[in-house]
file model-v2.cif (mmCIF, C-alpha atoms)
data_upload
#
loop_
_atom_site.label_atom_id
_atom_site.label_comp_id
_atom_site.auth_asym_id
_atom_site.auth_seq_id
_atom_site.Cartn_x
_atom_site.Cartn_y
_atom_site.Cartn_z
CA ILE Q 1 24.46 -1.49 7.35
CA LYS Q 2 28.06 -1.25 6.06
CA THR Q 3 30.28 -4.18 5.22
CA SER Q 4 34.05 -3.90 4.89
CA PRO Q 5 35.35 -4.43 1.33
CA SER Q 6 37.94 -6.76 2.85
CA SER Q 7 35.16 -9.32 3.41
CA TYR Q 8 34.48 -9.51 -0.32
CA ILE Q 9 38.22 -9.55 -1.13
CA TYR Q 10 38.66 -12.50 1.23
CA ILE Q 11 35.94 -14.50 -0.52
CA TYR Q 12 37.30 -13.56 -3.94
CA LYS Q 13 40.82 -14.74 -3.03
CA ILE Q 14 39.50 -18.09 -1.90
CA PHE Q 15 37.84 -18.72 -5.25
CA ILE Q 16 40.88 -17.56 -7.26
CA SER Q 17 43.45 -19.53 -5.27
CA TYR Q 18 41.40 -22.72 -5.34
CA LYS Q 19 42.02 -23.28 -9.05
CA HIS Q 20 45.84 -23.31 -8.61
CA THR Q 21 46.10 -25.24 -5.34
CA PRO Q 22 47.47 -28.80 -4.91
CA SER Q 23 44.81 -31.47 -4.32
CA ILE Q 24 45.97 -32.09 -0.71
CA ARG Q 25 44.81 -28.61 0.34
CA LYS Q 26 41.63 -28.59 -1.71
CA LYS Q 27 39.47 -30.17 0.99
CA LYS Q 28 40.39 -27.45 3.48
CA ILE Q 29 39.88 -24.69 0.93
CA LYS Q 30 36.59 -26.23 -0.17
CA SER Q 31 35.46 -26.09 3.45
CA ARG Q 32 36.50 -22.43 3.66
CA MET Q 33 34.63 -21.70 0.43
CA LYS Q 34 31.51 -23.36 1.80
CA PHE Q 35 31.78 -21.34 5.00
CA ALA Q 36 32.31 -18.13 3.00
CA SER Q 37 29.27 -18.83 0.84
CA TYR Q 38 27.17 -19.31 3.99
CA LEU Q 39 28.41 -15.93 5.21
CA VAL Q 40 27.31 -14.26 1.98
CA ILE Q 41 23.85 -15.90 2.12
CA PHE Q 42 23.43 -14.96 5.77
CA PHE Q 43 24.50 -11.38 5.06
CA PHE Q 44 21.91 -10.83 2.34
CA MET Q 45 19.18 -12.56 4.34
CA PHE Q 46 20.00 -10.25 7.24
CA LEU Q 47 19.79 -7.18 5.00
CA PHE Q 48 16.43 -8.35 3.65
CA GLN Q 49 15.01 -8.94 7.12
CA CYS Q 50 16.19 -5.54 8.37
CA SER Q 51 14.73 -3.80 5.34
CA ASN Q 52 11.34 -5.49 5.78
CA SER Q 53 11.41 -4.79 9.50
CA ASN Q 54 12.00 -1.08 8.93
CA GLY Q 55 9.14 -0.96 6.41
CA SER Q 56 6.80 -2.77 8.81
CA ASN Q 57 7.74 -0.44 11.67
CA LEU Q 58 7.04 2.61 9.51
CA ILE Q 59 3.63 1.22 8.56
CA SER Q 60 2.80 0.48 12.20
CA GLN Q 61 3.96 3.89 13.45
CA SER Q 62 2.19 5.79 10.66
CA CYS Q 63 -1.09 3.92 11.16
CA MET Q 64 -0.89 4.45 14.93
CA GLU Q 65 -0.45 8.21 14.49
CA ALA Q 66 -3.16 8.35 11.82
CA SER Q 67 -5.70 6.52 14.01
CA LYS Q 68 -5.05 9.03 16.79
CA ILE Q 69 -5.59 11.98 14.44
CA ASP Q 70 -8.86 10.53 13.15
CA PRO Q 71 -10.52 7.79 15.26
CA ILE Q 72 -12.66 6.83 12.24
CA LEU Q 73 -9.56 5.19 10.80
CA GLU Q 74 -9.10 1.79 12.40
CA TYR Q 75 -5.48 0.92 13.16
CA ASP Q 76 -5.76 -2.76 12.14
CA PHE Q 77 -7.50 -1.88 8.89
CA CYS Q 78 -4.80 0.67 8.07
CA VAL Q 79 -1.96 -1.80 8.71
CA ALA Q 80 -3.64 -4.55 6.69
CA PHE Q 81 -4.32 -2.14 3.82
CA LEU Q 82 -0.72 -0.92 3.60
CA SER Q 83 1.16 -4.12 4.40
CA ASN Q 84 0.27 -5.82 1.11
CA LYS Q 85 1.05 -2.88 -1.20
CA TRP Q 86 4.83 -2.87 -1.28
CA HIS Q 87 7.29 -4.72 -3.50
CA THR Q 88 10.04 -2.82 -1.65
CA PRO Q 89 9.64 -1.39 1.85
CA PRO Q 90 8.53 2.27 2.07
CA SER Q 91 11.03 4.84 3.24
CA ASN Q 92 8.77 7.75 4.14
CA LEU Q 93 5.23 8.95 4.72
CA LYS Q 94 4.92 10.41 1.22
CA ASP Q 95 5.22 6.91 -0.23
CA PHE Q 96 2.16 5.93 1.80
CA VAL Q 97 0.12 8.89 0.58
CA VAL Q 98 0.75 8.33 -3.13
CA THR Q 99 0.19 4.58 -2.92
CA SER Q 100 -2.96 4.91 -0.82
CA ILE Q 101 -4.43 7.48 -3.24
CA GLN Q 102 -3.65 5.24 -6.21
CA GLN Q 103 -5.18 2.24 -4.45
CA THR Q 104 -8.29 4.24 -3.56
CA LYS Q 105 -8.58 5.23 -7.23
CA SER Q 106 -8.40 1.55 -8.15
CA ASN Q 107 -11.21 0.87 -5.68
CA ALA Q 108 -13.27 3.72 -7.15
CA THR Q 109 -12.82 2.26 -10.62
CA ASN Q 110 -13.96 -1.09 -9.26
CA MET Q 111 -17.06 0.57 -7.75
CA VAL Q 112 -17.92 2.06 -11.15
CA SER Q 113 -17.73 -1.44 -12.63
CA ILE Q 114 -19.90 -2.95 -9.87
CA ILE Q 115 -22.56 -0.27 -10.27
CA SER Q 116 -22.49 -0.66 -14.04
CA ASN Q 117 -23.31 -4.36 -13.62
CA PHE Q 118 -26.10 -3.57 -11.16
CA LEU Q 119 -27.65 -1.19 -13.69
CA LYS Q 120 -28.02 -4.15 -16.06
CA ASN Q 121 -29.97 -6.04 -13.41
CA LYS Q 122 -33.68 -5.91 -14.31
CA SER Q 123 -34.82 -6.94 -10.82
CA PHE Q 124 -34.18 -3.46 -9.34
CA ASP Q 125 -37.12 -1.05 -9.26
CA PRO Q 126 -36.90 2.35 -11.05
CA TYR Q 127 -36.16 4.21 -7.79
CA VAL Q 128 -33.11 2.03 -7.02
CA LYS Q 129 -31.95 2.30 -10.64
CA ASP Q 130 -32.03 6.11 -10.42
CA CYS Q 131 -29.98 5.97 -7.22
CA LEU Q 132 -27.47 3.64 -8.87
CA ARG Q 133 -27.04 6.05 -11.79
CA THR Q 134 -26.25 8.87 -9.38
CA CYS Q 135 -23.79 6.63 -7.52
CA PHE Q 136 -22.17 5.79 -10.84
CA ASP Q 137 -21.59 9.52 -11.45
CA LEU Q 138 -20.28 10.05 -7.91
CA TYR Q 139 -17.67 7.33 -8.19
CA SER Q 140 -16.71 8.37 -11.72
CA ASP Q 141 -16.03 11.86 -10.36
CA SER Q 142 -13.94 10.26 -7.59
CA VAL Q 143 -11.65 8.61 -10.15
CA SER Q 144 -10.90 11.98 -11.77
CA ALA Q 145 -10.53 13.72 -8.41
CA LEU Q 146 -8.01 11.14 -7.18
CA ASP Q 147 -5.90 11.55 -10.32
CA ASN Q 148 -5.77 15.27 -9.57
CA ALA Q 149 -4.99 14.54 -5.91
CA VAL Q 150 -1.81 12.63 -6.83
CA VAL Q 151 -0.61 15.46 -9.07
CA ALA Q 152 -1.34 18.08 -6.40
CA PHE Q 153 0.36 16.06 -3.66
CA LYS Q 154 3.52 15.50 -5.71
CA ASN Q 155 3.61 19.26 -6.23
CA LYS Q 156 3.33 19.69 -2.44
CA ASP Q 157 -0.06 21.38 -2.82
CA PHE Q 158 -1.52 19.67 0.23
CA ASP Q 159 -4.68 21.81 0.31
CA THR Q 160 -5.73 20.81 -3.21
CA ALA Q 161 -4.75 17.20 -2.62
CA SER Q 162 -6.84 17.10 0.55
CA THR Q 163 -9.83 18.70 -1.21
CA LYS Q 164 -9.68 16.19 -4.06
CA VAL Q 165 -9.43 13.21 -1.72
CA SER Q 166 -12.39 14.56 0.28
CA VAL Q 167 -14.48 14.31 -2.92
CA SER Q 168 -13.73 10.59 -2.86
CA LEU Q 169 -14.49 10.44 0.85
CA ASP Q 170 -17.95 11.98 0.29
CA SER Q 171 -18.94 9.61 -2.52
CA PRO Q 172 -19.84 6.50 -0.46
CA VAL Q 173 -21.73 8.60 2.12
CA ALA Q 174 -23.75 10.43 -0.53
CA CYS Q 175 -24.35 7.23 -2.48
CA GLN Q 176 -25.58 5.30 0.54
CA GLY Q 177 -27.91 8.11 1.60
CA LEU Q 178 -29.67 8.14 -1.77
CA PHE Q 179 -31.33 4.81 -1.09
CA ASN Q 180 -33.34 5.96 1.94
CA ASP Q 181 -37.03 5.64 1.00
CA LYS Q 182 -40.02 7.49 2.44
CA LYS Q 183 -40.39 4.90 5.19
CA GLY Q 184 -36.82 5.50 6.34
CA GLU Q 185 -35.63 2.16 5.04
CA ASN Q 186 -32.41 1.90 3.09
CA LYS Q 187 -32.58 -0.24 -0.04
CA SER Q 188 -28.95 0.14 -1.05
CA PRO Q 189 -27.42 -2.92 -2.73
CA LEU Q 190 -24.04 -1.24 -2.13
CA THR Q 191 -24.01 -1.00 1.67
CA LYS Q 192 -21.01 -3.31 2.16
CA GLU Q 193 -19.06 -1.77 -0.72
CA ASN Q 194 -19.76 1.83 0.35
CA ARG Q 195 -18.63 1.10 3.89
CA ALA Q 196 -15.37 -0.51 2.77
CA TYR Q 197 -14.67 2.25 0.26
CA PHE Q 198 -15.15 4.91 2.93
CA GLN Q 199 -12.50 3.23 5.10
CA PHE Q 200 -10.11 3.11 2.14
CA SER Q 201 -10.61 6.82 1.43
CA VAL Q 202 -9.96 7.86 5.03
CA ILE Q 203 -6.37 6.56 4.84
CA PRO Q 204 -4.96 8.98 2.21
CA PHE Q 205 -7.04 11.83 3.64
CA VAL Q 206 -5.54 11.46 7.13
CA PHE Q 207 -2.04 10.82 5.81
CA ILE Q 208 -2.14 14.11 3.89
CA GLN Q 209 -2.98 15.85 7.17
CA MET Q 210 0.04 14.11 8.74
CA CYS Q 211 2.26 15.42 5.94
CA ARG Q 212 1.08 18.94 6.77
CA ILE Q 213 2.06 18.41 10.40
CA HIS Q 214 5.50 17.00 9.57
CA ASN Q 215 6.26 19.32 6.66
#

call {"tool": "encode", "arguments": {"input": "model-v2.cif", "output": "structure tokens"}}
result
Amino acid sequence: IKTSPSSYIYIYKIFISYKHTPSIRKKKIKSRMKFASYLVIFFFMFLFQCSNSNGSNLISQSCMEASKIDPILEYDFCVAFLSNKWHTPPSNLKDFVVTSIQQTKSNATNMVSIISNFLKNKSFDPYVKDCLRTCFDLYSDSVSALDNAVVAFKNKDFDTASTKVSVSLDSPVACQGLFNDKKGENKSPLTKENRAYFQFSVIPFVFIQMCRIHN
């Protein structure tokens, strides 16, 4: 959106002339100043709304395309995940990829912390404790892999970035499967967390594939 410099000059002249104007005209000029100030406020509010609208549209369009590429990724989950991550609206798909990888890394770090607390819980039997230790290692590896994924993606090495994110994608599946006992029952205390983490990891993985398509 472009605004003519004359608009700003007009407002500036009103403020400058006001100081040297006879009192009879001050009421009229004060009214003009008030109107001009409303114009400025409206202008910046309009810019802000347009900027947010463009960012929201990009999120919606990207999540729609991503959910078509991989049906595992739920559209609503994708939009909700991305909508709360921006101080300023995103301008391109690459912004989504980097931010989603970084957020997934944060989630992996949180999983390591959760598992660490579970390992201190004496109520779990030895079998579950062994599974938790393996899950701890899996998610710790995910943190390192996601760091490498960001570096690779910024260097436009989409293959390496995709491979590193897939390590993170495998972690919740492998972790959850560890808890299946001989009777076929799953004793995982991390079922809810593993499921949510898997959904988080799908987002950067699919978005990297989209970057390959659009590159």

call {"tool": "resolve_selection", "arguments": {"input": "model-v2.cif", "expression": "the PyMOL selection byres ((chain Q and resi 168) around 8)", "output": "CSV table (one decimal) with C-alpha atoms, in the coordinates of the input"}}
result
chain,number,residue,atom,x,y,z
Q,139,TYR,CA,-17.7,7.3,-8.2
Q,141,ASP,CA,-16.0,11.9,-10.4
Q,142,SER,CA,-13.9,10.3,-7.6
Q,143,VAL,CA,-11.6,8.6,-10.2
Q,145,ALA,CA,-10.5,13.7,-8.4
Q,146,LEU,CA,-8.0,11.1,-7.2
Q,164,LYS,CA,-9.7,16.2,-4.1
Q,165,VAL,CA,-9.4,13.2,-1.7
Q,166,SER,CA,-12.4,14.6,0.3
Q,167,VAL,CA,-14.5,14.3,-2.9
Q,169,LEU,CA,-14.5,10.4,0.8
Q,170,ASP,CA,-18.0,12.0,0.3
Q,171,SER,CA,-18.9,9.6,-2.5
Q,172,PRO,CA,-19.8,6.5,-0.5
Q,201,SER,CA,-10.6,6.8,1.4

call {"tool": "closest_residue", "arguments": {"input": "model-v2.cif", "among": "Q:Cys78, Q:Ile213, Q:Ser106, Q:Cys175", "to": "Leu138 in chain Q", "atoms": "all atoms listed in the file"}}
result
Q:Cys175

call {"tool": "atom_distance", "arguments": {"input": "model-v2.cif", "atom1": "CA of Lys154 in chain Q", "atom2": "CA of Ala80 in chain Q"}}
result
24.6 Å

call {"tool": "residues_around", "arguments": {"input": "model-v2.cif", "residues": "Gln61 in chain Q", "least_positions_apart": "6", "cutoff": "12 Å", "atoms": "all atoms listed in the file", "output": "number ranges by chain"}}
result
Q: 54-55, 67-68, 75-76, 78-79, 82, 92-93, 96, 207, 210

call {"tool": "write_last_selection", "arguments": {"input": "model-v2.cif", "atoms": "C-alpha atoms", "output": "PDB file, keeping the file's coordinate frame"}}
result
ATOM      1  CA  ASN Q  54      12.000  -1.080   8.930  1.00  0.00           C
ATOM      2  CA  GLY Q  55       9.140  -0.960   6.410  1.00  0.00           C
ATOM      3  CA  SER Q  67      -5.700   6.520  14.010  1.00  0.00           C
ATOM      4  CA  LYS Q  68      -5.050   9.030  16.790  1.00  0.00           C
ATOM      5  CA  TYR Q  75      -5.480   0.920  13.160  1.00  0.00           C
ATOM      6  CA  ASP Q  76      -5.760  -2.760  12.140  1.00  0.00           C
ATOM      7  CA  CYS Q  78      -4.800   0.670   8.070  1.00  0.00           C
ATOM      8  CA  VAL Q  79      -1.960  -1.800   8.710  1.00  0.00           C
ATOM      9  CA  LEU Q  82      -0.720  -0.920   3.600  1.00  0.00           C
ATOM     10  CA  ASN Q  92       8.770   7.750   4.140  1.00  0.00           C
ATOM     11  CA  LEU Q  93       5.230   8.950   4.720  1.00  0.00           C
ATOM     12  CA  PHE Q  96       2.160   5.930   1.800  1.00  0.00           C
ATOM     13  CA  PHE Q 207      -2.040  10.820   5.810  1.00  0.00           C
ATOM     14  CA  MET Q 210       0.040  14.110   8.740  1.00  0.00           C
TER      15      MET Q 210
END

call {"tool": "residues_around", "arguments": {"input": "model-v2.cif", "residues": "range 107-124 of chain Q", "least_positions_apart": "6", "cutoff": "9 Å", "atoms": "only C-alpha atoms", "output": "PDB file with C-alpha atoms, in the frame of the given file"}}
result
ATOM      1  CA  LEU Q 132     -27.470   3.640  -8.870  1.00  0.00           C
ATOM      2  CA  ARG Q 133     -27.040   6.050 -11.790  1.00  0.00           C
ATOM      3  CA  CYS Q 135     -23.790   6.630  -7.520  1.00  0.00           C
ATOM      4  CA  PHE Q 136     -22.170   5.790 -10.840  1.00  0.00           C
ATOM      5  CA  ASP Q 137     -21.590   9.520 -11.450  1.00  0.00           C
ATOM      6  CA  LEU Q 138     -20.280  10.050  -7.910  1.00  0.00           C
ATOM      7  CA  TYR Q 139     -17.670   7.330  -8.190  1.00  0.00           C
ATOM      8  CA  SER Q 140     -16.710   8.370 -11.720  1.00  0.00           C
ATOM      9  CA  SER Q 142     -13.940  10.260  -7.590  1.00  0.00           C
ATOM     10  CA  VAL Q 143     -11.650   8.610 -10.150  1.00  0.00           C
ATOM     11  CA  SER Q 168     -13.730  10.590  -2.860  1.00  0.00           C
ATOM     12  CA  PRO Q 189     -27.420  -2.920  -2.730  1.00  0.00           C
ATOM     13  CA  LEU Q 190     -24.040  -1.240  -2.130  1.00  0.00           C
ATOM     14  CA  GLU Q 193     -19.060  -1.770  -0.720  1.00  0.00           C
ATOM     15  CA  ASN Q 194     -19.760   1.830   0.350  1.00  0.00           C
ATOM     16  CA  TYR Q 197     -14.670   2.250   0.260  1.00  0.00           C
ATOM     17  CA  PHE Q 200     -10.110   3.110   2.140  1.00  0.00           C
TER      18      PHE Q 200
END

call {"tool": "atom_distance", "arguments": {"input": "model-v2.cif", "atom1": "CA of Val151 in chain Q", "atom2": "CA of Pro71 in chain Q"}}
result
27.4 Å

call {"tool": "closest_residue", "arguments": {"input": "model-v2.cif", "among": "Q:Ile203, Q:Val173, Q:Gln209, Q:Cys131", "to": "Ile59 in chain Q", "atoms": "only C-alpha atoms"}}
result
Q:Ile203

call {"tool": "closest_residue", "arguments": {"input": "model-v2.cif", "among": "Q:Cys63, Q:Leu58, Q:Val97, Q:Ala174", "to": "Arg212 in chain Q", "atoms": "only C-alpha atoms"}}
result
Q:Val97

call {"tool": "closest_residue", "arguments": {"input": "model-v2.cif", "among": "Q:Asp157, Q:Asp70, Q:Val150, Q:Ser100", "to": "Asn215 in chain Q", "atoms": "only C-alpha atoms"}}
result
Q:Asp157

call {"tool": "closest_residue", "arguments": {"input": "model-v2.cif", "among": "Q:Asn155, Q:Gln103, Q:Val206, Q:Cys211", "to": "Leu73 in chain Q", "atoms": "all atoms listed in the file"}}
result
Q:Val206

call {"tool": "atom_distance", "arguments": {"input": "model-v2.cif", "atom1": "CA of Lys129 in chain Q", "atom2": "CA of Glu185 in chain Q"}}
result
16.1 Å
